[in-house]
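So this one's model-v3.cif, mmCIF, C-alpha atoms:
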data_target
#
loop_
_atom_site.label_atom_id
_atom_site.label_comp_id
_atom_site.auth_asym_id
_atom_site.auth_seq_id
_atom_site.Cartn_x
_atom_site.Cartn_y
_atom_site.Cartn_z
CA MET A 215 7.04 -50.91 -33.83
CA GLU A 216 9.88 -48.60 -34.82
CA ARG A 217 7.45 -45.67 -35.14
CA VAL A 218 6.20 -46.28 -31.61
CA GLU A 219 9.78 -46.33 -30.28
CA VAL A 220 10.59 -43.08 -32.13
CA LYS A 221 7.49 -41.41 -30.66
CA VAL A 222 8.47 -42.57 -27.17
CA LEU A 223 11.99 -41.20 -27.64
CA HIS A 224 10.65 -37.85 -28.87
CA SER A 225 8.24 -37.72 -25.92
CA GLU A 226 11.04 -38.43 -23.44
CA LYS A 227 13.26 -35.77 -25.06
CA ARG A 228 10.46 -33.19 -24.86
CA ARG A 229 9.83 -34.08 -21.23
CA ALA A 230 13.53 -33.85 -20.40
CA PHE A 231 13.81 -30.51 -22.21
CA GLY A 232 10.78 -29.19 -20.31
CA GLU A 233 12.25 -30.25 -16.97
CA VAL A 234 15.58 -28.60 -17.76
CA ALA A 235 13.85 -25.41 -18.91
CA MET A 236 11.72 -25.34 -15.76
CA ALA A 237 14.78 -25.84 -13.55
CA TRP A 238 16.62 -22.97 -15.24
CA GLY A 239 13.51 -20.80 -15.02
CA VAL A 240 13.29 -21.37 -11.26
CA ARG A 241 16.99 -20.58 -10.90
CA ALA A 242 16.58 -17.39 -12.92
CA LEU A 243 13.66 -16.26 -10.75
CA ALA A 244 15.61 -17.04 -7.58
CA ALA A 245 18.62 -15.12 -8.89
CA THR A 246 16.36 -12.19 -9.82
CA SER A 247 14.94 -11.99 -6.31
CA ILE A 248 18.44 -12.11 -4.79
CA ILE A 249 19.66 -9.38 -7.15
CA CYS A 250 16.65 -7.20 -6.26
CA VAL A 251 17.37 -7.56 -2.54
CA ILE A 252 21.05 -6.70 -3.10
CA LEU A 253 20.14 -3.64 -5.18
CA ILE A 254 17.63 -2.41 -2.59
CA ALA A 255 20.12 -2.92 0.24
CA GLY A 256 22.86 -1.17 -1.72
CA PHE A 257 20.60 1.79 -2.50
CA ILE A 258 19.38 2.22 1.09
CA PHE A 259 22.78 1.86 2.76
CA GLY A 260 24.45 3.98 0.08
CA LYS A 261 21.98 6.82 0.62
CA ALA A 262 22.29 6.47 4.41
CA LEU A 263 26.11 6.74 4.50
CA PRO A 264 26.17 10.57 4.25
CA ALA A 265 23.91 10.82 7.31
CA PHE A 266 26.04 8.40 9.33
CA ALA A 267 29.19 10.24 8.26
CA GLU A 268 27.97 13.77 9.02
CA ILE A 269 25.85 13.11 12.12
CA GLY A 270 27.97 10.31 13.55
CA VAL A 271 26.94 6.73 14.16
CA ALA A 272 26.80 7.12 17.94
CA ASN A 273 24.87 10.41 17.80
CA LEU A 274 22.37 9.02 15.31
CA LEU A 275 21.76 5.63 16.92
CA PHE A 276 21.98 6.56 20.58
CA GLY A 277 20.80 10.14 20.58
CA THR A 278 17.32 10.61 22.04
CA VAL A 279 16.51 14.09 20.69
CA TRP A 280 15.04 14.45 17.19
CA ARG A 281 14.76 18.12 16.16
CA PRO A 282 15.59 18.34 12.47
CA THR A 283 14.21 21.88 12.04
CA ASP A 284 15.99 23.49 15.00
CA GLU A 285 19.28 25.34 14.84
CA PRO A 286 21.47 23.43 15.41
CA ALA A 287 19.52 20.44 14.14
CA LEU A 288 19.58 17.27 16.24
CA TYR A 289 19.15 13.83 14.68
CA GLY A 290 18.90 11.18 17.36
CA ILE A 291 16.78 8.11 16.62
CA GLY A 292 17.57 6.12 19.78
CA ALA A 293 14.15 6.79 21.31
CA MET A 294 12.45 5.65 18.10
CA ILE A 295 14.54 2.47 17.98
CA VAL A 296 13.44 1.69 21.54
CA GLY A 297 9.82 2.46 20.65
CA SER A 298 9.93 0.23 17.55
CA LEU A 299 11.46 -2.65 19.51
CA ALA A 300 8.97 -2.26 22.38
CA VAL A 301 5.96 -2.28 20.07
CA THR A 302 7.28 -5.19 17.99
CA VAL A 303 8.24 -7.35 20.97
CA GLY A 304 4.88 -6.69 22.59
CA ALA A 305 3.04 -7.64 19.40
CA ILE A 306 4.97 -10.91 18.98
CA VAL A 307 4.63 -11.87 22.66
CA LEU A 308 0.87 -11.40 22.38
CA SER A 309 0.32 -12.91 18.94
CA MET A 310 2.57 -16.01 18.94
CA PRO A 311 0.84 -18.00 21.73
CA VAL A 312 -2.62 -17.08 20.49
CA GLY A 313 -1.75 -17.73 16.84
CA LEU A 314 -0.10 -21.08 17.57
CA ALA A 315 -3.01 -22.19 19.75
CA ALA A 316 -5.46 -21.16 17.02
CA ALA A 317 -3.48 -23.04 14.35
CA VAL A 318 -3.31 -26.20 16.48
CA GLY A 319 -7.00 -25.94 17.29
CA ILE A 320 -8.06 -25.45 13.67
CA MET A 321 -5.80 -28.25 12.45
CA HIS A 322 -6.40 -30.94 15.08
CA PHE A 323 -9.26 -30.10 17.44
CA VAL A 324 -11.97 -28.37 15.41
CA PRO A 325 -14.53 -30.50 13.53
CA SER A 326 -13.86 -30.59 9.81
CA ARG A 327 -17.10 -28.78 8.97
CA TRP A 328 -15.86 -25.74 10.92
CA GLN A 329 -12.30 -25.71 9.60
CA ARG A 330 -13.13 -24.11 6.26
CA LEU A 331 -15.16 -21.37 7.97
CA LEU A 332 -12.39 -20.57 10.44
CA ARG A 333 -9.75 -20.53 7.69
CA SER A 334 -11.92 -18.13 5.69
CA PHE A 335 -12.16 -15.91 8.75
CA VAL A 336 -8.37 -15.91 9.12
CA LEU A 337 -7.96 -14.97 5.45
CA LEU A 338 -10.51 -12.20 5.93
CA LEU A 339 -8.46 -10.78 8.81
CA ALA A 340 -5.33 -10.90 6.65
CA GLY A 341 -7.06 -8.97 3.86
CA ILE A 342 -8.30 -6.05 5.96
CA PRO A 343 -6.38 -2.84 5.07
CA SER A 344 -4.13 -1.45 7.76
CA ILE A 345 -6.01 1.85 7.78
CA VAL A 346 -9.15 -0.02 8.85
CA TYR A 347 -7.21 -1.60 11.71
CA GLY A 348 -5.99 1.88 12.58
CA PHE A 349 -9.54 3.25 12.75
CA PHE A 350 -10.56 0.32 14.94
CA GLY A 351 -7.63 0.95 17.24
CA MET A 352 -8.31 4.68 17.41
CA MET A 353 -12.07 4.39 18.02
CA VAL A 354 -12.20 1.25 20.20
CA MET A 355 -8.82 0.31 21.66
CA VAL A 356 -7.56 3.78 22.58
CA PRO A 357 -10.67 4.69 24.67
CA PHE A 358 -10.61 1.23 26.30
CA VAL A 359 -6.96 1.54 27.31
CA ARG A 360 -7.52 5.12 28.50
CA ASP A 361 -10.47 4.10 30.69
CA TYR A 362 -9.14 0.82 32.09
CA GLY A 363 -5.37 1.11 31.73
CA GLY A 364 -3.29 4.21 32.02
CA GLY A 365 -2.22 7.36 30.24
CA SER A 366 -4.00 8.88 27.29
CA GLY A 367 -4.63 5.53 25.59
CA ASN A 368 -2.21 6.36 22.77
CA GLY A 369 0.85 4.39 23.70
CA ILE A 370 2.96 1.26 23.49
CA VAL A 371 0.30 -1.08 24.88
CA THR A 372 -2.33 0.01 22.38
CA ALA A 373 0.06 -0.16 19.45
CA ALA A 374 1.34 -3.60 20.52
CA CYS A 375 -2.19 -4.99 20.90
CA LEU A 376 -3.24 -3.62 17.53
CA LEU A 377 -0.13 -5.00 15.82
CA ALA A 378 -0.72 -8.36 17.50
CA LEU A 379 -4.18 -8.43 15.93
CA MET A 380 -2.72 -7.57 12.54
CA VAL A 381 0.09 -10.15 12.81
CA LEU A 382 -2.25 -12.91 14.00
CA PRO A 383 -3.46 -14.09 10.53
CA THR A 384 0.14 -14.53 9.33
CA VAL A 385 1.13 -16.50 12.43
CA ILE A 386 -1.96 -18.72 12.18
CA ALA A 387 -1.62 -19.43 8.45
CA VAL A 388 2.10 -20.23 8.50
CA SER A 389 1.86 -22.28 11.71
CA GLU A 390 -1.04 -24.29 10.32
CA ALA A 391 0.86 -24.96 7.08
CA SER A 392 3.87 -26.19 9.05
CA LEU A 393 1.66 -28.46 11.15
CA ALA A 394 0.05 -29.85 8.00
CA ALA A 395 3.52 -30.69 6.62
CA VAL A 396 4.33 -33.00 9.55
CA PRO A 397 4.13 -36.64 8.32
CA GLU A 398 1.06 -38.58 9.45
CA THR A 399 3.34 -41.32 10.77
CA TYR A 400 4.20 -39.04 13.72
CA TYR A 401 0.59 -39.03 14.86
CA ALA A 402 0.14 -42.73 14.19
CA GLY A 403 3.31 -43.55 16.13
CA GLY A 404 2.23 -41.45 19.11
CA ARG A 405 -1.17 -43.09 19.24
CA ALA A 406 0.39 -46.52 18.87
CA LEU A 407 2.50 -45.80 21.97
CA GLY A 408 -0.66 -45.16 23.95
CA LEU A 409 -0.55 -41.36 24.01
CA SER A 410 -3.82 -39.48 23.99
CA HIS A 411 -4.82 -37.29 21.07
CA GLU A 412 -3.93 -34.14 23.02
CA ARG A 413 -0.52 -35.44 24.16
CA THR A 414 0.33 -36.60 20.66
CA VAL A 415 -0.52 -33.25 19.08
CA ILE A 416 1.14 -31.08 21.74
CA GLY A 417 4.09 -33.36 22.52
CA LEU A 418 4.96 -34.68 19.04
CA LEU A 419 3.41 -32.72 16.20
CA VAL A 420 4.03 -29.20 17.49
CA PRO A 421 7.75 -29.80 18.23
CA ALA A 422 8.12 -31.44 14.82
CA ALA A 423 6.78 -28.26 13.19
CA ARG A 424 8.97 -25.86 15.16
CA ASP A 425 10.95 -24.68 12.11
CA GLY A 426 7.75 -23.58 10.42
CA ILE A 427 6.50 -22.01 13.65
CA LEU A 428 9.79 -20.13 13.92
CA ALA A 429 9.28 -18.90 10.36
CA ALA A 430 5.82 -17.69 11.38
CA GLY A 431 7.43 -15.66 14.14
CA VAL A 432 9.97 -14.15 11.74
CA LEU A 433 7.24 -13.17 9.27
CA GLY A 434 5.23 -11.72 12.13
CA ILE A 435 8.20 -9.64 13.27
CA GLY A 436 8.67 -8.37 9.72
CA ARG A 437 5.01 -7.37 9.51
CA ALA A 438 5.09 -5.68 12.92
CA VAL A 439 8.32 -3.78 12.25
CA GLY A 440 7.17 -2.54 8.86
CA GLU A 441 3.64 -1.48 9.80
CA THR A 442 3.14 2.27 9.64
CA MET A 443 -0.35 3.74 9.25
CA ALA A 444 -2.07 1.82 12.03
CA VAL A 445 0.79 2.57 14.43
CA ILE A 446 0.70 6.28 13.60
CA MET A 447 -2.98 6.38 14.58
CA VAL A 448 -2.61 4.77 18.02
CA ALA A 449 1.00 5.10 19.24
CA GLY A 450 0.97 8.77 20.16
CA ASN A 451 3.96 9.78 17.96
CA GLN A 452 5.97 11.25 20.84
CA VAL A 453 9.74 11.29 20.35
CA HIS A 454 11.09 10.49 23.82
CA LEU A 455 12.40 7.48 25.68
CA PRO A 456 9.36 5.65 27.08
CA THR A 457 9.45 4.96 30.80
CA SER A 458 6.22 2.96 30.92
CA ILE A 459 4.21 0.70 28.66
CA TRP A 460 1.45 3.34 28.79
CA ASP A 461 3.67 6.08 27.32
CA GLY A 462 3.32 7.27 23.77
CA THR A 463 6.11 6.55 21.30
CA ARG A 464 7.11 7.01 17.70
CA THR A 465 8.43 4.16 15.59
CA LEU A 466 11.04 4.44 12.85
CA THR A 467 8.52 3.75 10.10
CA ALA A 468 6.14 6.38 11.45
CA ASN A 469 8.99 8.90 11.56
CA VAL A 470 9.82 8.31 7.89
CA VAL A 471 6.20 8.63 6.76
CA LEU A 472 5.47 11.73 8.83
CA GLU A 473 8.50 13.74 7.71
CA MET A 474 9.67 12.47 4.33
CA GLY A 475 7.24 14.75 2.48
CA TYR A 476 9.03 17.96 3.45
CA ALA A 477 12.54 16.70 4.34
CA VAL A 478 15.53 17.99 2.38
CA ASP A 479 19.31 17.59 2.44
CA LEU A 480 20.62 16.08 5.69
CA HIS A 481 17.11 15.68 7.11
CA ARG A 482 16.17 13.44 4.18
CA ASP A 483 19.42 11.48 4.53
CA ALA A 484 18.68 10.92 8.23
CA LEU A 485 15.24 9.54 7.34
CA VAL A 486 16.86 7.18 4.84
CA ALA A 487 19.19 6.15 7.67
CA CYS A 488 16.07 5.21 9.65
CA GLY A 489 15.18 2.83 6.83
CA ALA A 490 18.71 1.42 6.86
CA VAL A 491 18.45 0.76 10.59
CA LEU A 492 15.13 -1.03 10.06
CA PHE A 493 16.73 -3.12 7.31
CA ALA A 494 19.62 -4.01 9.62
CA LEU A 495 17.21 -5.00 12.40
CA ILE A 496 15.37 -7.39 10.06
CA LEU A 497 18.68 -8.90 8.95
CA LEU A 498 19.71 -9.42 12.57
CA VAL A 499 16.40 -11.15 13.35
CA ASN A 500 16.77 -13.46 10.35
CA ALA A 501 20.38 -14.24 11.27
CA ALA A 502 19.38 -15.04 14.85
CA CYS A 503 16.62 -17.37 13.66
CA LEU A 504 18.99 -19.16 11.27
CA ALA A 505 21.50 -19.62 14.08
CA LEU A 506 18.75 -21.00 16.30
CA ARG A 507 17.69 -23.48 13.63
CA LYS A 508 21.29 -24.66 13.17
CA ARG A 509 21.62 -25.11 16.92
CA TRP A 510 18.44 -27.20 16.99
CA GLY A 511 19.78 -29.27 14.11
CA ARG A 512 23.06 -29.96 15.92
CA LYS A 513 21.18 -30.99 19.06
CA GLU A 514 19.01 -33.43 17.08
CA VAL A 515 22.08 -34.95 15.42
CA ALA A 516 23.80 -35.31 18.81
CA MET A 517 20.73 -37.00 20.30
CA LYS A 518 20.60 -39.46 17.42
#

Translate this structure into structure tokens?
Amino acid sequence: MERVEVKVLHSEKRRAFGEVAMAWGVRALAATSIICVILIAGFIFGKALPAFAEIGVANLLFGTVWRPTDEPALYGIGAMIVGSLAVTVGAIVLSMPVGLAAAVGIMHFVPSRWQRLLRSFVLLLAGIPSIVYGFFGMMVMVPFVRDYGGGSGNGIVTAACLLALMVLPTVIAVSEASLAAVPETYYAGGRALGLSHERTVIGLLVPAARDGILAAGVLGIGRAVGETMAVIMVAGNQVHLPTSIWDGTRTLTANVVLEMGYAVDLHRDALVACGAVLFALILLVNAACLALRKRWGRKEVAMK
């Protein structure tokens, strides 16, 4: 009897030690990721400070002329900031409704025998390289926009549509995961109140998953802002303030990729400053989403 009790005690000690070790391991990994982000941010902003100091914050951010090889050289990225925002906003506006509808349909309206096939198709879209999307956009979307839209076909509309297609798998996957995390009691309660299946899903389950849907939008924005190769192939790469959705544009990421290979001195620092501006834009988006979530939380507490 004593031997059994000793074995039980040893087993409980081993289990407790394993749980403590796992908790510290998770904390160490979390701390490592935070440290990596801090180091990356420090490196980017540290390298960008000389450009901001020499060019001037206002001239760099609000200038619309980018001529780094002229004399005198001009480093204005305002037009590229506008182009990046236009393409990203267009991609999110197009992809979020479609992605959310697809996630809801797969999760609650599609027969179970088709769900696995559709999820596999979504994963396949997520795994396609961006260069393949770029070829598709260049060979199919650009001629279509040129024939039935306006301009040369290489412009904001084409880039936004292509990015929306690329962002769609992320939006669908994250939205579906957030819908799956909603407790089943929500659906049962809605049905018990006499609501139809459609009203229960749209009126109860989707609002309950809004935090996860918001996260899908944030991830989609990050993917759209950071995409480079596909945008280079369809956006037109014209450094000027766009006056129409059919105009060509150049994004900040495209500017860095196109010129970093031969940039030196202040030109290279200005390109690093483009990366710093992108980093700041992502931080602003995340901060806005966190503020929105806190506001939703305060409203729910007030209603209760």

For this session: List the residues selected by the PyMOL selection byres ((chain A and resi 282) around 12) in the file shown, writing them as a list in words.
Result: Ile269, Leu274, Val279, Trp280, Arg281, Thr283, Asp284, Glu285, Pro286, Ala287, Leu288, Tyr289, Gly290, Ile291, Asn469, Glu473, Met474, Tyr476, Ala477, Val478, Asp479, Leu480, His481, Arg482, Asp483, Ala484 and Leu485 of chain A

Problem set entry | Straight-line distance linking atom CA of A:Arg360 with atom CA of A:Thr457, stated in Å to one decimal |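 Interatomic distance here is 17.1 Å.
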
Exercise. Out of A:Leu497, A:Pro421, A:Gly304, A:Gly431, which residue has the shortest atom-to-atom distance to A:Val318 when counting all atoms listed in the file?
Worked result: A:Pro421

For this session: Give the answer as one residue: which of A:Thr302, A:Thr463, A:Ser309, A:Thr246 has the shortest atom-to-atom distance to A:Ala378, using only C-alpha atoms?
Result: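 Result for the nearest residue to A:Ala378: A:Ser309.
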
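Minimum atom-to-atom distance to A:Ala430, evaluated using all atoms listed in the file, belongs to A:Ser389 out of A:Ser389, A:Ile258, A:Pro325, A:Pro264.
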
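With atom CA of A:Asn451 on one side and atom CA of A:Val312 on the other, the separation reads 27.8 Å.
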
Exercise. For A:Val271, which residue among A:Pro357, A:Pro311, A:Gly417, A:Gly292 is the nearest when counting only C-alpha atoms?
Worked result: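 Looking at the shortest contact to A:Val271, the residue is A:Gly292.
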
For this session: Would you list the contacts of A:Tyr347 as a PyMOL selection string, taking every protein, DNA or RNA residue within 10 Å and counting all atoms listed in the file, but skipping same-chain residues closer than 6 positions in sequence?
Result: chain A and resi 339+353+376-377+379-380+443-445+447

Problem set entry | For atom CA of A:Ile248 and atom CA of A:Ala487, the interatomic separation in Å (one decimal) |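 Separation between atom CA of A:Ile248 and atom CA of A:Ala487: 22.1 Å.
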
For this session: List the neighbours of A:Val470 out to 8 Å using all atoms listed in the file; skip same-chain residues closer than 2 positions along the sequence, and give me the result as a list in words.
Result: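 Near A:Val470, the qualifying residues are Leu466, Thr467, Ala468, Leu472, Glu473, Met474, Leu485, Val486, Cys488 and Gly489 of chain A.
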
Applied to this file, what does the PyMOL selection byres ((chain A and resi 303) around 12) return in terms of residues, put as a PDB file with C-alpha atoms, keeping the file's coordinate frame?
ATOM      1  CA  VAL A 296      13.440   1.690  21.540  1.00  0.00           C
ATOM      2  CA  GLY A 297       9.820   2.460  20.650  1.00  0.00           C
ATOM      3  CA  SER A 298       9.930   0.230  17.550  1.00  0.00           C
ATOM      4  CA  LEU A 299      11.460  -2.650  19.510  1.00  0.00           C
ATOM      5  CA  ALA A 300       8.970  -2.260  22.380  1.00  0.00           C
ATOM      6  CA  VAL A 301       5.960  -2.280  20.070  1.00  0.00           C
ATOM      7  CA  THR A 302       7.280  -5.190  17.990  1.00  0.00           C
ATOM      8  CA  GLY A 304       4.880  -6.690  22.590  1.00  0.00           C
ATOM      9  CA  ALA A 305       3.040  -7.640  19.400  1.00  0.00           C
ATOM     10  CA  ILE A 306       4.970 -10.910  18.980  1.00  0.00           C
ATOM     11  CA  VAL A 307       4.630 -11.870  22.660  1.00  0.00           C
ATOM     12  CA  LEU A 308       0.870 -11.400  22.380  1.00  0.00           C
ATOM     13  CA  SER A 309       0.320 -12.910  18.940  1.00  0.00           C
ATOM     14  CA  MET A 310       2.570 -16.010  18.940  1.00  0.00           C
ATOM     15  CA  ILE A 370       2.960   1.260  23.490  1.00  0.00           C
ATOM     16  CA  VAL A 371       0.300  -1.080  24.880  1.00  0.00           C
ATOM     17  CA  ALA A 373       0.060  -0.160  19.450  1.00  0.00           C
ATOM     18  CA  ALA A 374       1.340  -3.600  20.520  1.00  0.00           C
ATOM     19  CA  CYS A 375      -2.190  -4.990  20.900  1.00  0.00           C
ATOM     20  CA  LEU A 377      -0.130  -5.000  15.820  1.00  0.00           C
ATOM     21  CA  ALA A 378      -0.720  -8.360  17.500  1.00  0.00           C
ATOM     22  CA  VAL A 381       0.090 -10.150  12.810  1.00  0.00           C
ATOM     23  CA  GLY A 431       7.430 -15.660  14.140  1.00  0.00           C
ATOM     24  CA  VAL A 432       9.970 -14.150  11.740  1.00  0.00           C
ATOM     25  CA  GLY A 434       5.230 -11.720  12.130  1.00  0.00           C
ATOM     26  CA  ILE A 435       8.200  -9.640  13.270  1.00  0.00           C
ATOM     27  CA  GLY A 436       8.670  -8.370   9.720  1.00  0.00           C
ATOM     28  CA  ARG A 437       5.010  -7.370   9.510  1.00  0.00           C
ATOM     29  CA  ALA A 438       5.090  -5.680  12.920  1.00  0.00           C
ATOM     30  CA  VAL A 439       8.320  -3.780  12.250  1.00  0.00           C
ATOM     31  CA  ILE A 459       4.210   0.700  28.660  1.00  0.00           C
ATOM     32  CA  VAL A 499      16.400 -11.150  13.350  1.00  0.00           C
TER      33      VAL A 499
END

For this session: Run the PyMOL selection byres ((chain A and resi 316) around 12) on the file and write out the hits as a ChimeraX atom specification.
Result: /A:309-315,317-324,329,332-333,335-336,382-390,393

Print the selection's residues with C-alpha atoms to a file, as a tab-separated table (two decimals), keeping the file's coordinate frame.
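Here's the written file again34.tsv:
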chain	number	residue	atom	x	y	z
A	309	SER	CA	0.32	-12.91	18.94
A	310	MET	CA	2.57	-16.01	18.94
A	311	PRO	CA	0.84	-18.00	21.73
A	312	VAL	CA	-2.62	-17.08	20.49
A	313	GLY	CA	-1.75	-17.73	16.84
A	314	LEU	CA	-0.10	-21.08	17.57
A	315	ALA	CA	-3.01	-22.19	19.75
A	317	ALA	CA	-3.48	-23.04	14.35
A	318	VAL	CA	-3.31	-26.20	16.48
A	319	GLY	CA	-7.00	-25.94	17.29
A	320	ILE	CA	-8.06	-25.45	13.67
A	321	MET	CA	-5.80	-28.25	12.45
A	322	HIS	CA	-6.40	-30.94	15.08
A	323	PHE	CA	-9.26	-30.10	17.44
A	324	VAL	CA	-11.97	-28.37	15.41
A	329	GLN	CA	-12.30	-25.71	9.60
A	332	LEU	CA	-12.39	-20.57	10.44
A	333	ARG	CA	-9.75	-20.53	7.69
A	335	PHE	CA	-12.16	-15.91	8.75
A	336	VAL	CA	-8.37	-15.91	9.12
A	382	LEU	CA	-2.25	-12.91	14.00
A	383	PRO	CA	-3.46	-14.09	10.53
A	384	THR	CA	0.14	-14.53	9.33
A	385	VAL	CA	1.13	-16.50	12.43
A	386	ILE	CA	-1.96	-18.72	12.18
A	387	ALA	CA	-1.62	-19.43	8.45
A	388	VAL	CA	2.10	-20.23	8.50
A	389	SER	CA	1.86	-22.28	11.71
A	390	GLU	CA	-1.04	-24.29	10.32
A	393	LEU	CA	1.66	-28.46	11.15

Please extract stretch 218-291 of chain A and write it out with C-alpha atoms, as an mmCIF file, in the first residue's frame.
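Written out: selection22.cif:
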data_model
loop_
_atom_site.group_PDB
_atom_site.id
_atom_site.type_symbol
_atom_site.label_atom_id
_atom_site.label_comp_id
_atom_site.auth_asym_id
_atom_site.auth_seq_id
_atom_site.Cartn_x
_atom_site.Cartn_y
_atom_site.Cartn_z
ATOM 1 C CA VAL A 218 1.462 2.473 -4.342
ATOM 2 C CA GLU A 219 1.209 5.791 -2.473
ATOM 3 C CA VAL A 220 4.889 6.548 -3.176
ATOM 4 C CA LYS A 221 4.388 5.823 -6.888
ATOM 5 C CA VAL A 222 1.347 8.099 -6.968
ATOM 6 C CA LEU A 223 3.313 10.884 -5.272
ATOM 7 C CA HIS A 224 6.211 10.498 -7.724
ATOM 8 C CA SER A 225 3.754 10.527 -10.633
ATOM 9 C CA GLU A 226 2.090 13.700 -9.359
ATOM 10 C CA LYS A 227 5.491 15.376 -8.851
ATOM 11 C CA ARG A 228 6.559 14.475 -12.399
ATOM 12 C CA ARG A 229 3.282 15.797 -13.778
ATOM 13 C CA ALA A 230 3.598 19.022 -11.794
ATOM 14 C CA PHE A 231 7.210 19.452 -12.920
ATOM 15 C CA GLY A 232 6.174 18.884 -16.548
ATOM 16 C CA GLU A 233 3.406 21.472 -16.297
ATOM 17 C CA VAL A 234 5.757 24.045 -14.769
ATOM 18 C CA ALA A 235 8.407 23.355 -17.421
ATOM 19 C CA MET A 236 5.828 23.679 -20.194
ATOM 20 C CA ALA A 237 4.545 26.971 -18.761
ATOM 21 C CA TRP A 238 8.060 28.408 -18.598
ATOM 22 C CA GLY A 239 8.779 27.141 -22.108
ATOM 23 C CA VAL A 240 5.710 28.946 -23.463
ATOM 24 C CA ARG A 241 6.740 32.114 -21.632
ATOM 25 C CA ALA A 242 10.258 31.872 -23.043
ATOM 26 C CA LEU A 243 8.927 31.470 -26.589
ATOM 27 C CA ALA A 244 6.567 34.413 -26.121
ATOM 28 C CA ALA A 245 9.398 36.550 -24.753
ATOM 29 C CA THR A 246 11.609 35.519 -27.693
ATOM 30 C CA SER A 247 9.005 36.610 -30.222
ATOM 31 C CA ILE A 248 8.557 39.964 -28.438
ATOM 32 C CA ILE A 249 12.321 40.512 -28.335
ATOM 33 C CA CYS A 250 12.596 39.709 -32.055
ATOM 34 C CA VAL A 251 9.894 42.250 -32.899
ATOM 35 C CA ILE A 252 11.604 44.894 -30.745
ATOM 36 C CA LEU A 253 14.985 44.209 -32.380
ATOM 37 C CA ILE A 254 13.507 44.380 -35.894
ATOM 38 C CA ALA A 255 11.672 47.622 -35.092
ATOM 39 C CA GLY A 256 14.798 49.122 -33.529
ATOM 40 C CA PHE A 257 16.920 48.185 -36.541
ATOM 41 C CA ILE A 258 14.452 49.559 -39.111
ATOM 42 C CA PHE A 259 13.718 52.827 -37.321
ATOM 43 C CA GLY A 260 17.386 53.281 -36.403
ATOM 44 C CA LYS A 261 18.452 52.915 -40.029
ATOM 45 C CA ALA A 262 15.622 55.208 -41.179
ATOM 46 C CA LEU A 263 16.509 58.104 -38.830
ATOM 47 C CA PRO A 264 19.324 59.470 -41.059
ATOM 48 C CA ALA A 265 16.906 59.725 -43.998
ATOM 49 C CA PHE A 266 14.259 61.498 -41.915
ATOM 50 C CA ALA A 267 16.897 63.843 -40.505
ATOM 51 C CA GLU A 268 18.535 64.766 -43.817
ATOM 52 C CA ILE A 269 15.491 64.787 -46.113
ATOM 53 C CA GLY A 270 12.998 66.071 -43.564
ATOM 54 C CA VAL A 271 9.908 64.306 -42.286
ATOM 55 C CA ALA A 272 7.502 66.547 -44.193
ATOM 56 C CA ASN A 273 9.476 66.352 -47.458
ATOM 57 C CA LEU A 274 9.758 62.573 -47.233
ATOM 58 C CA LEU A 275 6.195 61.769 -46.213
ATOM 59 C CA PHE A 276 4.305 64.412 -48.162
ATOM 60 C CA GLY A 277 6.527 64.943 -51.162
ATOM 61 C CA THR A 278 5.136 63.473 -54.382
ATOM 62 C CA VAL A 279 8.309 63.443 -56.507
ATOM 63 C CA TRP A 280 10.712 60.498 -56.261
ATOM 64 C CA ARG A 281 13.886 61.106 -58.288
ATOM 65 C CA PRO A 282 16.793 59.638 -56.339
ATOM 66 C CA THR A 283 19.238 59.758 -59.270
ATOM 67 C CA ASP A 284 18.635 63.375 -60.306
ATOM 68 C CA GLU A 285 20.668 66.351 -59.181
ATOM 69 C CA PRO A 286 19.397 67.523 -56.782
ATOM 70 C CA ALA A 287 17.841 64.238 -55.706
ATOM 71 C CA LEU A 288 14.213 64.283 -54.576
ATOM 72 C CA TYR A 289 12.864 61.742 -52.094
ATOM 73 C CA GLY A 290 9.118 62.102 -51.736
ATOM 74 C CA ILE A 291 7.105 58.976 -50.945
#
